[in-house]
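Shown here: run_8.cif, mmCIF, C-alpha atoms, pLDDT in the B column; chains and numbers go by the auth columns.
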data_final
#
loop_
_atom_site.group_PDB
_atom_site.id
_atom_site.type_symbol
_atom_site.label_atom_id
_atom_site.label_comp_id
_atom_site.label_asym_id
_atom_site.label_seq_id
_atom_site.Cartn_x
_atom_site.Cartn_y
_atom_site.Cartn_z
_atom_site.B_iso_or_equiv
_atom_site.auth_seq_id
_atom_site.auth_asym_id
ATOM 1 C CA PRO A 1 -11.670 -9.475 -28.909 95.00 13 A
ATOM 2 C CA ILE A 2 -11.617 -7.625 -32.245 97.00 14 A
ATOM 3 C CA LYS A 3 -10.577 -4.386 -30.563 97.00 15 A
ATOM 4 C CA THR A 4 -7.899 -6.292 -28.650 96.00 16 A
ATOM 5 C CA ALA A 5 -6.432 -7.638 -31.890 97.00 17 A
ATOM 6 C CA LYS A 6 -6.678 -4.219 -33.574 97.00 18 A
ATOM 7 C CA THR A 7 -4.886 -2.544 -30.681 97.00 19 A
ATOM 8 C CA SER A 8 -2.022 -5.033 -30.816 97.00 20 A
ATOM 9 C CA PHE A 9 -1.568 -4.710 -34.584 97.00 21 A
ATOM 10 C CA ILE A 10 -2.683 -1.204 -35.563 98.00 22 A
ATOM 11 C CA GLY A 11 -1.590 0.386 -32.282 98.00 23 A
ATOM 12 C CA THR A 12 1.885 -1.125 -32.490 98.00 24 A
ATOM 13 C CA TYR A 13 2.134 -0.278 -36.209 98.00 25 A
ATOM 14 C CA ASN A 14 1.235 3.370 -35.554 98.00 26 A
ATOM 15 C CA MET A 15 3.675 3.723 -32.684 98.00 27 A
ATOM 16 C CA LEU A 16 6.498 2.095 -34.623 98.00 28 A
ATOM 17 C CA GLY A 17 5.870 4.583 -37.428 98.00 29 A
ATOM 18 C CA LEU A 18 6.033 7.441 -34.926 98.00 30 A
ATOM 19 C CA ALA A 19 9.254 6.093 -33.403 98.00 31 A
ATOM 20 C CA LYS A 20 10.783 5.875 -36.883 98.00 32 A
ATOM 21 C CA ARG A 21 9.799 9.471 -37.727 98.00 33 A
ATOM 22 C CA VAL A 22 11.200 10.992 -34.533 98.00 34 A
ATOM 23 C CA ASN A 23 14.112 8.539 -34.172 96.00 35 A
ATOM 24 C CA ALA A 24 12.957 7.262 -30.762 97.00 36 A
ATOM 25 C CA LYS A 25 13.810 3.992 -29.094 97.00 37 A
ATOM 26 C CA PHE A 26 10.765 1.718 -28.940 98.00 38 A
ATOM 27 C CA LEU A 27 9.752 -0.549 -26.053 98.00 39 A
ATOM 28 C CA LEU A 28 7.147 -3.228 -26.648 98.00 40 A
ATOM 29 C CA ALA A 29 5.434 -4.507 -23.516 97.00 41 A
ATOM 30 C CA SER A 30 4.865 -8.024 -24.808 98.00 42 A
ATOM 31 C CA THR A 31 3.644 -10.900 -22.704 96.00 43 A
ATOM 32 C CA SER A 32 4.228 -14.446 -21.562 95.00 44 A
ATOM 33 C CA GLU A 33 0.990 -15.217 -23.425 94.00 45 A
ATOM 34 C CA VAL A 34 3.052 -15.488 -26.627 96.00 46 A
ATOM 35 C CA TYR A 35 4.090 -18.919 -25.288 95.00 47 A
ATOM 36 C CA GLY A 36 0.456 -20.062 -25.198 92.00 48 A
ATOM 37 C CA ASP A 37 -0.105 -23.296 -23.290 90.00 49 A
ATOM 38 C CA PRO A 38 3.597 -24.183 -23.231 91.00 50 A
ATOM 39 C CA LYS A 39 5.078 -27.610 -23.859 92.00 51 A
ATOM 40 C CA VAL A 40 8.423 -26.386 -22.458 93.00 52 A
ATOM 41 C CA HIS A 41 8.854 -25.433 -18.788 91.00 53 A
ATOM 42 C CA PRO A 42 10.146 -22.982 -17.726 94.00 54 A
ATOM 43 C CA GLN A 43 9.820 -20.914 -20.894 94.00 55 A
ATOM 44 C CA PRO A 44 13.034 -19.564 -22.489 96.00 56 A
ATOM 45 C CA GLU A 45 12.976 -16.786 -25.080 97.00 57 A
ATOM 46 C CA ASP A 46 13.939 -19.139 -27.909 96.00 58 A
ATOM 47 C CA TYR A 47 10.817 -21.258 -27.350 96.00 59 A
ATOM 48 C CA TRP A 48 8.288 -20.474 -30.104 95.00 60 A
ATOM 49 C CA GLY A 49 5.265 -21.376 -28.026 92.00 61 A
ATOM 50 C CA SER A 50 2.118 -23.462 -28.400 92.00 62 A
ATOM 51 C CA VAL A 51 -0.723 -21.107 -29.313 92.00 63 A
ATOM 52 C CA ASN A 52 -4.229 -21.847 -30.592 92.00 64 A
ATOM 53 C CA PRO A 53 -4.692 -19.296 -33.412 94.00 65 A
ATOM 54 C CA ILE A 54 -8.515 -19.486 -33.397 94.00 66 A
ATOM 55 C CA GLY A 55 -9.427 -19.796 -29.706 92.00 67 A
ATOM 56 C CA ILE A 56 -11.075 -17.288 -27.393 91.00 68 A
ATOM 57 C CA ARG A 57 -7.679 -16.121 -26.098 90.00 69 A
ATOM 58 C CA SER A 58 -6.135 -15.852 -29.565 94.00 70 A
ATOM 59 C CA CYS A 59 -6.936 -12.162 -30.040 96.00 71 A
ATOM 60 C CA TYR A 60 -4.456 -11.339 -27.283 95.00 72 A
ATOM 61 C CA ASP A 61 -1.932 -14.171 -27.731 95.00 73 A
ATOM 62 C CA GLU A 62 -1.632 -13.782 -31.495 97.00 74 A
ATOM 63 C CA GLY A 63 -2.005 -10.006 -31.227 97.00 75 A
ATOM 64 C CA LYS A 64 1.127 -9.783 -29.120 98.00 76 A
ATOM 65 C CA ARG A 65 2.946 -12.220 -31.398 97.00 77 A
ATOM 66 C CA ILE A 66 2.246 -10.062 -34.481 97.00 78 A
ATOM 67 C CA ALA A 67 3.295 -6.988 -32.458 98.00 79 A
ATOM 68 C CA GLU A 68 6.677 -8.636 -31.856 98.00 80 A
ATOM 69 C CA THR A 69 6.885 -9.484 -35.565 98.00 81 A
ATOM 70 C CA LEU A 70 6.242 -5.843 -36.515 98.00 82 A
ATOM 71 C CA CYS A 71 8.958 -4.655 -34.142 98.00 83 A
ATOM 72 C CA PHE A 72 11.602 -6.872 -35.679 98.00 84 A
ATOM 73 C CA ASP A 73 10.439 -6.030 -39.196 98.00 85 A
ATOM 74 C CA TYR A 74 10.960 -2.327 -38.377 98.00 86 A
ATOM 75 C CA GLN A 75 14.325 -3.137 -36.826 98.00 87 A
ATOM 76 C CA ARG A 76 15.463 -5.039 -39.929 97.00 88 A
ATOM 77 C CA SER A 77 13.856 -2.753 -42.530 97.00 89 A
ATOM 78 C CA HIS A 78 14.457 0.666 -40.928 98.00 90 A
ATOM 79 C CA ASN A 79 17.190 -0.031 -38.342 97.00 91 A
ATOM 80 C CA LEU A 80 14.782 1.089 -35.616 98.00 92 A
ATOM 81 C CA ASP A 81 16.119 0.665 -32.082 98.00 93 A
ATOM 82 C CA ILE A 82 13.639 -1.679 -30.370 98.00 94 A
ATOM 83 C CA SER A 83 13.434 -3.593 -27.113 98.00 95 A
ATOM 84 C CA ILE A 84 10.861 -6.318 -26.460 98.00 96 A
ATOM 85 C CA ALA A 85 9.996 -7.379 -22.915 98.00 97 A
ATOM 86 C CA ARG A 86 7.935 -10.511 -22.434 98.00 98 A
ATOM 87 C CA ILE A 87 6.185 -9.649 -19.183 97.00 99 A
ATOM 88 C CA PHE A 88 4.958 -12.462 -16.952 95.00 100 A
ATOM 89 C CA ASN A 89 2.160 -11.973 -14.399 92.00 101 A
ATOM 90 C CA THR A 90 2.738 -8.674 -12.597 95.00 102 A
ATOM 91 C CA TYR A 91 0.850 -7.204 -9.648 96.00 103 A
ATOM 92 C CA GLY A 92 0.997 -4.410 -7.104 96.00 104 A
ATOM 93 C CA PRO A 93 -0.697 -1.202 -5.928 96.00 105 A
ATOM 94 C CA ASN A 94 -2.713 0.821 -8.453 94.00 106 A
ATOM 95 C CA MET A 95 -4.187 -2.212 -10.184 93.00 107 A
ATOM 96 C CA ALA A 96 -7.813 -1.691 -11.191 91.00 108 A
ATOM 97 C CA LYS A 97 -10.512 -3.403 -9.119 88.00 109 A
ATOM 98 C CA GLU A 98 -12.235 -4.899 -12.154 87.00 110 A
ATOM 99 C CA ASP A 99 -9.220 -5.706 -14.331 87.00 111 A
ATOM 100 C CA GLY A 100 -9.917 -9.438 -14.170 85.00 112 A
ATOM 101 C CA ARG A 101 -6.449 -10.467 -13.028 89.00 113 A
ATOM 102 C CA VAL A 102 -6.283 -13.309 -10.558 91.00 114 A
ATOM 103 C CA ILE A 103 -4.587 -11.427 -7.709 94.00 115 A
ATOM 104 C CA SER A 104 -6.905 -8.419 -7.842 94.00 116 A
ATOM 105 C CA ASN A 105 -9.922 -10.748 -8.214 93.00 117 A
ATOM 106 C CA PHE A 106 -8.995 -12.732 -5.103 94.00 118 A
ATOM 107 C CA ILE A 107 -8.139 -9.667 -3.006 94.00 119 A
ATOM 108 C CA VAL A 108 -11.328 -7.805 -3.917 94.00 120 A
ATOM 109 C CA GLN A 109 -13.509 -10.873 -3.325 93.00 121 A
ATOM 110 C CA ALA A 110 -11.889 -11.459 0.064 93.00 122 A
ATOM 111 C CA LEU A 111 -12.171 -7.828 1.157 94.00 123 A
ATOM 112 C CA GLU A 112 -15.853 -7.841 0.157 94.00 124 A
ATOM 113 C CA GLY A 113 -16.402 -10.994 2.216 92.00 125 A
ATOM 114 C CA LYS A 114 -17.123 -13.151 -0.836 93.00 126 A
ATOM 115 C CA ASP A 115 -15.902 -16.687 -1.417 91.00 127 A
ATOM 116 C CA LEU A 116 -12.907 -16.926 -3.748 93.00 128 A
ATOM 117 C CA THR A 117 -13.583 -18.196 -7.283 90.00 129 A
ATOM 118 C CA ILE A 118 -11.053 -20.654 -8.692 91.00 130 A
ATOM 119 C CA TYR A 119 -11.271 -21.888 -12.271 87.00 131 A
ATOM 120 C CA GLY A 120 -10.500 -25.556 -12.744 83.00 132 A
ATOM 121 C CA LYS A 121 -8.987 -27.371 -9.775 84.00 133 A
ATOM 122 C CA GLY A 122 -6.506 -24.578 -9.105 86.00 134 A
ATOM 123 C CA SER A 123 -3.585 -26.788 -10.095 87.00 135 A
ATOM 124 C CA GLN A 124 -2.483 -24.491 -12.935 88.00 136 A
ATOM 125 C CA THR A 125 0.649 -22.548 -12.021 88.00 137 A
ATOM 126 C CA ARG A 126 1.727 -18.933 -12.429 91.00 138 A
ATOM 127 C CA SER A 127 4.640 -16.795 -11.257 93.00 139 A
ATOM 128 C CA PHE A 128 3.913 -13.329 -9.879 95.00 140 A
ATOM 129 C CA CYS A 129 6.309 -10.384 -10.180 97.00 141 A
ATOM 130 C CA TYR A 130 5.898 -7.277 -8.022 97.00 142 A
ATOM 131 C CA VAL A 131 5.556 -4.094 -10.070 97.00 143 A
ATOM 132 C CA ASP A 132 8.673 -2.365 -8.638 97.00 144 A
ATOM 133 C CA ASP A 133 10.856 -5.267 -9.778 98.00 145 A
ATOM 134 C CA LEU A 134 9.246 -5.190 -13.229 98.00 146 A
ATOM 135 C CA VAL A 135 9.849 -1.453 -13.690 98.00 147 A
ATOM 136 C CA LEU A 136 13.512 -1.803 -12.748 97.00 148 A
ATOM 137 C CA GLY A 137 13.852 -4.609 -15.292 97.00 149 A
ATOM 138 C CA LEU A 138 12.260 -2.475 -18.012 98.00 150 A
ATOM 139 C CA ILE A 139 14.594 0.437 -17.240 97.00 151 A
ATOM 140 C CA LYS A 140 17.641 -1.833 -17.413 97.00 152 A
ATOM 141 C CA LEU A 141 16.423 -3.256 -20.711 98.00 153 A
ATOM 142 C CA MET A 142 15.877 0.205 -22.229 97.00 154 A
ATOM 143 C CA ASN A 143 19.324 1.340 -21.073 97.00 155 A
ATOM 144 C CA SER A 144 20.915 -1.618 -22.861 97.00 156 A
ATOM 145 C CA ASN A 145 21.521 -2.413 -26.523 95.00 157 A
ATOM 146 C CA ILE A 146 19.523 -5.662 -26.286 96.00 158 A
ATOM 147 C CA HIS A 147 16.607 -5.955 -28.707 96.00 159 A
ATOM 148 C CA GLY A 148 15.195 -9.046 -27.038 93.00 160 A
ATOM 149 C CA PRO A 149 12.777 -10.531 -26.608 98.00 161 A
ATOM 150 C CA VAL A 150 13.640 -10.738 -22.918 98.00 162 A
ATOM 151 C CA ASN A 151 11.565 -12.468 -20.238 98.00 163 A
ATOM 152 C CA ILE A 152 10.801 -10.316 -17.182 97.00 164 A
ATOM 153 C CA GLY A 153 8.983 -11.871 -14.246 96.00 165 A
ATOM 154 C CA SER A 154 9.320 -13.968 -11.134 95.00 166 A
ATOM 155 C CA ASN A 155 10.668 -17.505 -11.181 92.00 167 A
ATOM 156 C CA GLN A 156 8.782 -18.406 -7.985 92.00 168 A
ATOM 157 C CA GLU A 157 5.989 -20.698 -9.162 92.00 169 A
ATOM 158 C CA PHE A 158 2.668 -21.101 -7.333 93.00 170 A
ATOM 159 C CA THR A 159 -0.530 -22.951 -8.076 93.00 171 A
ATOM 160 C CA ILE A 160 -3.659 -20.812 -8.239 91.00 172 A
ATOM 161 C CA LEU A 161 -4.957 -22.791 -5.249 93.00 173 A
ATOM 162 C CA GLU A 162 -1.856 -21.854 -3.227 93.00 174 A
ATOM 163 C CA LEU A 163 -2.334 -18.212 -4.198 94.00 175 A
ATOM 164 C CA ALA A 164 -5.995 -18.268 -3.140 93.00 176 A
ATOM 165 C CA GLU A 165 -5.157 -19.884 0.195 94.00 177 A
ATOM 166 C CA LEU A 166 -2.406 -17.336 0.868 95.00 178 A
ATOM 167 C CA ILE A 167 -4.646 -14.345 0.125 95.00 179 A
ATOM 168 C CA ARG A 168 -7.506 -15.860 2.117 94.00 180 A
ATOM 169 C CA SER A 169 -5.214 -16.368 5.127 95.00 181 A
ATOM 170 C CA LYS A 170 -4.152 -12.709 5.002 95.00 182 A
ATOM 171 C CA ILE A 171 -7.689 -11.254 4.767 94.00 183 A
ATOM 172 C CA ASN A 172 -10.377 -13.661 5.958 93.00 184 A
ATOM 173 C CA PRO A 173 -9.512 -17.331 6.642 93.00 185 A
ATOM 174 C CA SER A 174 -13.206 -18.236 7.019 92.00 186 A
ATOM 175 C CA LEU A 175 -13.984 -17.718 3.311 92.00 187 A
ATOM 176 C CA LYS A 176 -14.661 -20.706 1.095 91.00 188 A
ATOM 177 C CA LEU A 177 -12.976 -21.583 -2.199 90.00 189 A
ATOM 178 C CA ILE A 178 -15.464 -22.115 -5.051 87.00 190 A
ATOM 179 C CA LEU A 179 -14.365 -24.187 -8.058 85.00 191 A
ATOM 180 C CA LYS A 180 -15.709 -23.371 -11.537 83.00 192 A
ATOM 181 C CA ASP A 181 -14.992 -24.744 -15.018 79.00 193 A
ATOM 182 C CA LEU A 182 -11.588 -23.899 -16.495 73.00 194 A
ATOM 183 C CA PRO A 183 -11.771 -21.489 -19.470 70.00 195 A
ATOM 184 C CA GLU A 184 -10.709 -22.676 -22.927 71.00 196 A
ATOM 185 C CA ASP A 185 -6.945 -22.698 -23.623 61.00 197 A
ATOM 186 C CA ASP A 186 -6.033 -21.633 -20.089 72.00 198 A
ATOM 187 C CA PRO A 187 -2.288 -22.403 -19.726 74.00 199 A
ATOM 188 C CA LYS A 188 -1.439 -25.191 -17.296 81.00 200 A
ATOM 189 C CA GLN A 189 2.016 -23.909 -16.376 83.00 201 A
ATOM 190 C CA ARG A 190 3.698 -20.527 -16.615 88.00 202 A
ATOM 191 C CA LYS A 191 7.173 -19.601 -15.353 91.00 203 A
ATOM 192 C CA PRO A 192 9.929 -17.659 -17.093 95.00 204 A
ATOM 193 C CA ASP A 193 13.436 -18.858 -17.715 96.00 205 A
ATOM 194 C CA LEU A 194 15.339 -15.788 -16.454 97.00 206 A
ATOM 195 C CA THR A 195 18.822 -16.878 -17.559 97.00 207 A
ATOM 196 C CA LEU A 196 19.080 -14.213 -20.275 97.00 208 A
ATOM 197 C CA ILE A 197 18.080 -11.190 -18.177 97.00 209 A
ATOM 198 C CA LYS A 198 20.205 -12.344 -15.230 97.00 210 A
ATOM 199 C CA ASN A 199 23.311 -12.793 -17.376 97.00 211 A
ATOM 200 C CA LYS A 200 22.898 -9.793 -19.693 97.00 212 A
ATOM 201 C CA LEU A 201 21.289 -7.192 -17.406 97.00 213 A
ATOM 202 C CA ASN A 202 22.148 -8.454 -13.900 97.00 214 A
ATOM 203 C CA TRP A 203 18.455 -8.355 -12.989 97.00 215 A
ATOM 204 C CA GLU A 204 16.341 -10.662 -10.884 96.00 216 A
ATOM 205 C CA PRO A 205 13.231 -10.081 -8.758 96.00 217 A
ATOM 206 C CA THR A 206 13.816 -9.144 -5.117 96.00 218 A
ATOM 207 C CA ILE A 207 10.304 -8.819 -3.629 96.00 219 A
ATOM 208 C CA ASN A 208 8.704 -12.169 -2.792 95.00 220 A
ATOM 209 C CA LEU A 209 5.010 -12.888 -3.145 95.00 221 A
ATOM 210 C CA ASN A 210 4.278 -12.756 0.579 94.00 222 A
ATOM 211 C CA ASN A 211 5.654 -9.225 1.003 96.00 223 A
ATOM 212 C CA GLY A 212 4.283 -8.002 -2.308 96.00 224 A
ATOM 213 C CA LEU A 213 0.786 -9.189 -1.437 96.00 225 A
ATOM 214 C CA ASP A 214 0.899 -7.280 1.852 96.00 226 A
ATOM 215 C CA LYS A 215 1.621 -4.029 -0.036 96.00 227 A
ATOM 216 C CA THR A 216 -1.070 -4.799 -2.615 96.00 228 A
ATOM 217 C CA ILE A 217 -3.731 -5.680 -0.048 96.00 229 A
ATOM 218 C CA GLN A 218 -3.093 -2.406 1.798 96.00 230 A
ATOM 219 C CA TYR A 219 -3.769 -0.532 -1.446 95.00 231 A
ATOM 220 C CA PHE A 220 -7.017 -2.397 -2.158 94.00 232 A
ATOM 221 C CA LYS A 221 -8.247 -1.756 1.371 94.00 233 A
ATOM 222 C CA MET A 222 -8.450 1.915 0.370 91.00 234 A
ATOM 223 C CA LEU A 223 -10.609 1.032 -2.653 87.00 235 A
ATOM 224 C CA VAL A 224 -12.936 -1.552 -1.153 83.00 236 A
ATOM 225 C CA LYS A 225 -15.139 -0.083 1.571 72.00 237 A
#
I'd like the structure from this file rewritten - as structure tokens, please.
Amino acid sequence: PIKTAKTSFIGTYNMLGLAKRVNAKFLLASTSEVYGDPKVHPQPEDYWGSVNPIGIRSCYDEGKRIAETLCFDYQRSHNLDISIARIFNTYGPNMAKEDGRVISNFIVQALEGKDLTIYGKGSQTRSFCYVDDLVLGLIKLMNSNIHGPVNIGSNQEFTILELAELIRSKINPSLKLILKDLPEDDPKQRKPDLTLIKNKLNWEPTINLNNGLDKTIQYFKMLVK
């Protein structure tokens, strides 16, 4: 957690300094985690969030929030050209097997013939954006004069239980779903308000979860023997 916080602050600070020296445009890959466990749903960019500053997730949540702060301080103090993308859950080929993300966890467990682990009752929701859609959104953002922050993600909302059942049905319907305790400060709902990026950049996701999972599962089949 300490290295996570240091990367968000010191890493962003160093890169902003480099961008200033060489007069480069700067893109911050921020996150929906800046909204914490939101009291507003879906989450628009002008929502300040509901974040526990001392919890086990705080190193990342608050780390990304201070990274956004640094970007705007450089923009105001040094007129640095910045763009901030608040990225919601993204998935696709080339994810790491052990990265701990819910989609890769479920796919790897299913391909290995293991029961799928769900934290809590699986009623918490997420929205999942396929990587190709995300990259196109980032390119459009960088080609614009919008500083942001701008939400980029899918506005199709699924419970974790629905996600597990969908992946199980695609790989091995006989697997069981195992429920474990929900981690501290795990957000109950997560879905972006995409009004800004639709209106300003004419962007919206085009690849639905069903098709995106098929592409992702094919990739993981090459990794999991």
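Counting all atoms listed in the file and comparing A:Ser116, A:Gln230, A:Asn220, A:Thr207, the residue that lies closest to Asn163 (chain A) is A:Thr207.
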Convert the output of the PyMOL selection byres ((chain A and resi 185) around 12) on the shown file into explicit residues, formatted as a PDB file with C-alpha atoms, keeping the file's coordinate frame.
ATOM      1  CA  ALA A 122     -11.889 -11.459   0.064  1.00 93.00           C
ATOM      2  CA  LEU A 123     -12.171  -7.828   1.157  1.00 94.00           C
ATOM      3  CA  GLY A 125     -16.402 -10.994   2.216  1.00 92.00           C
ATOM      4  CA  LYS A 126     -17.123 -13.151  -0.836  1.00 93.00           C
ATOM      5  CA  ASP A 127     -15.902 -16.687  -1.417  1.00 91.00           C
ATOM      6  CA  LEU A 128     -12.907 -16.926  -3.748  1.00 93.00           C
ATOM      7  CA  ALA A 176      -5.995 -18.268  -3.140  1.00 93.00           C
ATOM      8  CA  GLU A 177      -5.157 -19.884   0.195  1.00 94.00           C
ATOM      9  CA  LEU A 178      -2.406 -17.336   0.868  1.00 95.00           C
ATOM     10  CA  ILE A 179      -4.646 -14.345   0.125  1.00 95.00           C
ATOM     11  CA  ARG A 180      -7.506 -15.860   2.117  1.00 94.00           C
ATOM     12  CA  SER A 181      -5.214 -16.368   5.127  1.00 95.00           C
ATOM     13  CA  LYS A 182      -4.152 -12.709   5.002  1.00 95.00           C
ATOM     14  CA  ILE A 183      -7.689 -11.254   4.767  1.00 94.00           C
ATOM     15  CA  ASN A 184     -10.377 -13.661   5.958  1.00 93.00           C
ATOM     16  CA  SER A 186     -13.206 -18.236   7.019  1.00 92.00           C
ATOM     17  CA  LEU A 187     -13.984 -17.718   3.311  1.00 92.00           C
ATOM     18  CA  LYS A 188     -14.661 -20.706   1.095  1.00 91.00           C
ATOM     19  CA  LEU A 189     -12.976 -21.583  -2.199  1.00 90.00           C
TER      20      LEU A 189
END
Note to self: Excluding Asp145 (chain A) and its own-chain neighbours fewer than 5 positions away, which residues fall within 8 Å of it when counting all atoms listed in the file? Please give them as a VMD selection string.
What the structure shows: chain A and resid 216 to 219
Next item on the list: Quick one: apply the PyMOL selection byres ((chain A and resi 169) around 12) to the file and drop the selected residues here as a ChimeraX atom specification.
Entry: /A:53-54,100-101,135-141,165-168,170-175,200-205,220-221
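Candidate residues A:Ala97, A:Cys83, A:Ile14, A:Ile22 were compared for distance to Arg69 (chain A), and the nearest is A:Ile14, using all atoms listed in the file.
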What are the centre and the three edge lengths of an axis-aligned box that wraps all atoms of region 164-175 of chain A in the file, given that 3 Å is added to every side, written as lines of an AutoDock Vina configuration file and rounded to one decimal in Å?
center_x = 2.9
center_y = -16.6
center_z = -10.2
size_x = 21.8
size_y = 18.6
size_z = 20.0
Note to self: the PyMOL selection byres ((chain A and resi 106-113) around 9) - which residues does that actually catch in the file I just gave you? List them as an MDAnalysis selection string.
What the structure shows: chainID A and resid 101 103:105 114:118 120 228 231:232 235:236
